[in-house]
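Following: one structure in structure tokens, then a few remarks.
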Amino acid sequence: MKRHTYTDRFFLNLFFVLILLLSGSAWAAERKVLVAVRTGRPPVIDGTMRDQAWQQANVAGGFHQYEPHNDRPATYDTRVRVLYDDNALYIAARLYDQSPDSILRELGLRNSGNDLNADRFYVDINPFDDGIHGFRFQVSASGVQTDANMSGSGRHGDLNWNAVWISEVGITDDGWIVEMEIPYSALRFPRGDIQEWGINFWREIRRTRETSSWNYVNRSVGDDLAYMGQLNGINEVSPPPRLSFYPYLSNYVEKNGFDRGWGNSFNGGMDLKYGLSPAFTMDVTLVPDFGQVQSDAKVLNLTPFEVRYDENRQFFTEGTELFQKGALFYSRRIGERPVSYHKAYSERKAHEVVLDNPLETRMINATKISGRTAGGLGIGLFNAMTAASTATLADTLTGLTRKVTTQPFTNYNLVVFDQSLRNNSYLSLINTNVAGSEKGYTANVTGTEFRFANRTNEYRISGSGALSQQYYSDSDNVYGFQYDLQAGKTGGTWRYYYTRKVLSNDYDQNDMGFLLRNNRADDGFTVSHHLFDPFWRFWMLTNSFTYTYSRLFEPSRYTGTELSHHLMVMFDTRFHISLRTTYMPRGERDYYEPRVNGRYYRTDEQLSFRMTYSSDYRRRVFVDGRFHYDMQQSAEQKEMRGFMIQPTVRVSDRLNMSYGFEFSERVNDIGYVSHSSPDSVFFGRRQSPTVINTFRSTYIFSNDLSLDFNLRHYWSEVDYDGQYYLLQATGIAEPVQKDLKTPGINYNAFTIDMLLTWHFAPGSQMTIAWKNVIDHRENILRQGYLDNLQHMFTHPQINSLSLRVLYYIDFQTVQRLNEQLRG
């Protein structure tokens with residue numbers, strides 16, 4: 001244990017030394033300034049800029065290229081004007097183009113602007129001007145809206161965030177025009193008579209893939225929010241109260257399995273947004289309905305770890321960037337399978353059968369409050385409650401039934417404090433708490449996340465840490481901790497940084513978060529070279545090398561050494577390729593696959609190769625794909641190989657279709673089968689092919705009406721060939737003459753999601769959804785794909801047809817309407 005203590009002290013001291021080194025001054029680019037003009041009458045938003053109100057606004061021009069060249073002016077001129085009043089911000093842009101007939105204008109779904117073959121204009125707004133947070137409002141030349149929360153979410157931001165705003169576009173003889181009306185209800189800003197916001201305007205010319213910005217952005221740093229200009233002139237704004245309602249009504253017609261008839265259900269509920277202040281908003285969902293969310297991409301899991309699925313419920317994806325600090329919150333814990341789901345089966349008495357055992361807990365409601373003070377302190381509060389979940393058991397002799405509680409009433413809480421600092425830095429404190437999931441049990445996790453950078457944002461120290469506390473009323477409490485640290489040069493042509501990640505053997509955040517594995521201590525060093533300016537046939541070229549040394553935290557035992565190389569290339573034909581090679585010269589000591597504490601499975605050297613590629617997305621037909629090959633020496637040579645190819649066809653600016661085929665295969669895969677004692681752990685040799693077929697098509701009738709179709713069929717088999725192994729104390733799997741008669745596995749996951757969406761008013765929509773689900777696992781292996789497909793459709797399936805109407809009601813709109821009626 002002293003070894004860990006001295007090591008951790010060393011890194012703690014190194015951490016403070018690096019902070020002092022980074023605190024020195026450095027040159028920072030000069031910011032542009034635009035003064036917004038107050039208007040007494042809001043301009044008409046019609047995509048023409050004919051309204052005289054625009055003539056009084058100041059002009060922002062002189063755009064700089066971001067790519068392909070980051071050192072020269074934009075090819076075509078762009079001029080932006082900004083007005084404001086007490087209700088909204090108004091933005092108009094005239095985007096000049098010598099070939100207006102060549103402006104690309106593919107239609108698409110809302111928030112699909114980044115993937116469309118269309119020119120686009122967007123504005124990034126940071127009302128707190130801290131270089132860390134912001135909102136993006138984007139419009140394509142075809143009029144498709146895309147909005148995103150840019151706070152810590154990569155270059156394209158978090159597209160799950162949705163706001164209600166107005167935009168119109170128009171094509172002219174010398175280019176195109178975009179006009180926007182962004183109500184203050186879509187933003188959050190500090191109190192004060194004088195507002196100074198960070199802002200930047202962007203333009204992409206799709207046919208040449210040229211991106212430019214009003215305020216210069218250093219591409220080698222890779223942080224758009226750190227290079228915003230400033231918007232001044234917004235003074236003495238008195239925004240109206242922010243209160244909006246989203247009531248919904250939904251009706252479901254469902255058929256579950258072959259033996260049950262069609263059922264009908266009617267639901268109603270409401271989401272509410274209330275502006276506690278210009279900077280803080282409360283979101284509440286009452287009696288939520290998530291029946292139309294996208295189906296999960298289910299997979300067959302043979303590992304000892306949980307599979308993490310994406311969150312598709314809108315309430316948990318929209319405006320949650322503050323709650324993602326420290327990576328301690330996994331929202332799918334709320335409403336997931338009851339903690340004691342299997343209790344209904346393990347506690348069955350003689351002659352009892354399980355009549356009903358809910359697969360999900362029912363969420364009663366959820367509330368989130370978030371915002372940021374004028375001093376840059378972000379505050380987030382989250383609460384959700386799920387009702388008690390019970391299974392029903394029946395005695396087949398007497399007919400009597402009884403209830404078994406599989407999860408009591410459970411309360412989920414999350415608190416976040418996030419302080420913005422100089423040089424686009426921040427320091428956060430996070431706490432999660434879950435009470436009631438089991439009788440006499442409470443889980444608490446307290447953590448931090450930080451980033452400290454110099455003025456150019458090229459040198460950084462970042463990391464996180466957390467303490468988990470599990471309290472039991474009838475047993476000893478359990479405490480654990482984790483931390484990770486990254487320090488070095490993360491911007492510029494040459495980059496290098498050191499990383500350290502430690503998780504104690506008792507650390508557990510899975511009551512409200514997601515953790516794949518604990519008990520590890522990894523040290524790594526990465527050096528990379530980035531070329532951003534085009535040369536010869538290359539548009540972009542990146543090389544990186546990483547060395548990682550891994551051990552268990554307790555006891556401190558070696559688990560592996562990894563060397564990796566990553567190459568990314570973009571050619572002038574817009575063909576992109578990524579190559580990643582990983583080599584483990586001493587193999588791996590896997591302490592998880594045996595499923596027995598203290599035992600490990602040892603492999604010899606390992607080599608893996610990954611390649612992904614994509615062709616020019618501007619073409620009518622383009623292709624995405626990947627290929628992988630893994631080789632591992634153990635009791636026998638194990639191979640994993642596979643490929644995926646996905647062509648996409650843009651039939652027109654309204655219709656696109658995409659088909660994906662993926663095949664992968666595990667050859668001589670040796671994995672856990674069973675154990676009767678810690679000394680008798682058996683592995684088996686298996687062959688496991690997997691085939692995935694996907695088809696997606698989208699037809700856009702108009703910017704307000706669309707039809708989206710998604711089909712996915714996942715098929716995986718596992719065939720044990722009769723060769724078994726006994727795991728030795730040395731970690732070697734030795735062959736044994738023993739027939740464990742392990743059954744094979746045949747797993748199918750088939751889903752169809754078809755959605756007709758009509759945005760009949762701003763923020764309001766009607767959706768008609770058809771969902772079909774087959775999720776079946778059996779021990780009978782089929783003879784080929786077609787034979788399996790035929791048998792799959794003989795198994796029970798879920799069919800659901802639903803209609804959902806969501807209506808956006810803004811309190812101010814209703815109030816103005818009442819005043820007009822009275823007048």
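FYI, nothing fancy with the structure tokens labels: chains A, B, ... in order, residues from 1 per chain, ligands from 1 as they appear.
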
Polymer residues at most 12 Å from Leu276 of chain A, only C-alpha atoms, same-chain spacing of 6 or more positions, as number ranges by chain
A: 185, 188-189, 191, 240-243, 282-283, 368-372

Next, the residues of the selection above should be written as a tab-separated table (two decimals), in the first residue's frame with N, CA, C and O atoms.
chain	number	residue	atom	x	y	z
A	185	SER	N	-35.81	33.40	-24.60
A	185	SER	CA	-36.19	32.16	-23.93
A	185	SER	C	-35.33	30.99	-24.39
A	185	SER	O	-35.25	29.97	-23.72
A	188	ARG	N	-29.64	31.67	-22.16
A	188	ARG	CA	-29.48	31.97	-20.74
A	188	ARG	C	-28.35	32.98	-20.62
A	188	ARG	O	-27.28	32.78	-21.20
A	189	PHE	N	-28.60	34.07	-19.89
A	189	PHE	CA	-27.58	35.10	-19.79
A	189	PHE	C	-27.63	35.74	-18.41
A	189	PHE	O	-28.65	35.68	-17.72
A	191	ARG	N	-27.66	38.42	-15.23
A	191	ARG	CA	-28.36	39.68	-14.93
A	191	ARG	C	-27.41	40.86	-15.17
A	191	ARG	O	-26.20	40.73	-15.07
A	240	PRO	N	-39.09	39.25	-21.00
A	240	PRO	CA	-40.33	38.85	-20.35
A	240	PRO	C	-40.14	37.53	-19.60
A	240	PRO	O	-39.16	36.82	-19.82
A	241	PRO	N	-41.06	37.22	-18.72
A	241	PRO	CA	-40.97	35.93	-18.01
A	241	PRO	C	-40.92	34.77	-19.00
A	241	PRO	O	-41.62	34.78	-20.02
A	242	ARG	N	-40.08	33.78	-18.71
A	242	ARG	CA	-39.96	32.62	-19.57
A	242	ARG	C	-40.76	31.47	-18.97
A	242	ARG	O	-40.36	30.86	-17.99
A	243	LEU	N	-41.90	31.21	-19.57
A	243	LEU	CA	-42.75	30.12	-19.12
A	243	LEU	C	-43.39	29.47	-20.33
A	243	LEU	O	-44.05	30.14	-21.12
A	282	MET	N	-35.94	25.98	-15.06
A	282	MET	CA	-36.42	24.74	-14.47
A	282	MET	C	-37.18	23.96	-15.52
A	282	MET	O	-38.07	24.49	-16.18
A	283	ASP	N	-36.82	22.68	-15.70
A	283	ASP	CA	-37.51	21.79	-16.61
A	283	ASP	C	-38.16	20.67	-15.80
A	283	ASP	O	-37.49	20.04	-14.96
A	368	LYS	N	-35.26	19.21	-13.46
A	368	LYS	CA	-33.89	19.69	-13.53
A	368	LYS	C	-33.89	21.21	-13.53
A	368	LYS	O	-34.69	21.84	-14.22
A	369	ILE	N	-32.99	21.77	-12.74
A	369	ILE	CA	-32.80	23.21	-12.65
A	369	ILE	C	-31.34	23.49	-12.97
A	369	ILE	O	-30.44	22.86	-12.39
A	370	SER	N	-31.09	24.38	-13.91
A	370	SER	CA	-29.71	24.66	-14.29
A	370	SER	C	-29.58	26.10	-14.77
A	370	SER	O	-30.54	26.71	-15.25
A	371	GLY	N	-28.38	26.62	-14.64
A	371	GLY	CA	-28.10	27.98	-15.08
A	371	GLY	C	-26.72	28.40	-14.62
A	371	GLY	O	-25.95	27.61	-14.07
A	372	ARG	N	-26.41	29.66	-14.83
A	372	ARG	CA	-25.07	30.17	-14.51
A	372	ARG	C	-25.17	31.60	-14.04
A	372	ARG	O	-25.91	32.41	-14.63

Pick out each residue of segment 535-694 of chain A that DSSP on the backbone tags as strand (DSSP E); I need them as a PyMOL selection string.
chain A and resi 538-551+558-571+576-584+589-590+601-602+606-614+621-633+637-650+655-677+680-694

Would you kindly return, as a ChimeraX atom specification, each protein, DNA or RNA residue with an atom no farther than 6 Å from any atom of Met228 of chain A, considering only C-alpha atoms and excluding same-chain residues fewer than 6 positions away?
/A:198-200

Restricting the calculation to only C-alpha atoms: of A:Thr456, A:Ser102, A:Asn703, A:Thr648, which residue gets closest to Ser425 of chain A?
A:Thr456

I'd like the neighbourhood of Ser664 of chain A as a ChimeraX atom specification, where a residue qualifies if any of its atoms comes within 8 Å (using only C-alpha atoms), though same-chain residues fewer than 4 positions away should be ignored.
/A:640-643,689-691

Requested write-out: N, CA, C and O atoms of the selected residues, as a compact mmCIF listing (two decimals), in the first residue's frame:
# COMPACT_ATOMS: atom_id res chain seq x y z
N MET A 640 -9.94 -12.42 -34.56
CA MET A 640 -11.20 -11.70 -34.71
C MET A 640 -11.07 -10.82 -35.94
O MET A 640 -10.13 -10.04 -36.05
N ARG A 641 -11.97 -10.99 -36.87
CA ARG A 641 -11.87 -10.25 -38.12
C ARG A 641 -13.26 -9.85 -38.57
O ARG A 641 -14.26 -10.49 -38.23
N GLY A 642 -13.33 -8.80 -39.34
CA GLY A 642 -14.63 -8.36 -39.81
C GLY A 642 -14.54 -7.12 -40.66
O GLY A 642 -13.49 -6.47 -40.75
N PHE A 643 -15.66 -6.78 -41.27
CA PHE A 643 -15.72 -5.58 -42.10
C PHE A 643 -17.15 -5.05 -42.09
O PHE A 643 -18.11 -5.77 -41.78
N PRO A 689 -19.78 -16.18 -35.34
CA PRO A 689 -20.00 -15.20 -36.42
C PRO A 689 -21.16 -14.26 -36.07
O PRO A 689 -22.10 -14.64 -35.38
N THR A 690 -21.08 -13.02 -36.56
CA THR A 690 -22.13 -12.03 -36.35
C THR A 690 -22.39 -11.29 -37.66
O THR A 690 -21.44 -10.89 -38.34
N VAL A 691 -23.66 -11.13 -37.99
CA VAL A 691 -24.07 -10.42 -39.20
C VAL A 691 -25.05 -9.32 -38.79
O VAL A 691 -26.00 -9.57 -38.05

Atom CA of Ile732 of chain A and atom CA of Gln632 of chain A, how far apart in Å?
13.6 Å
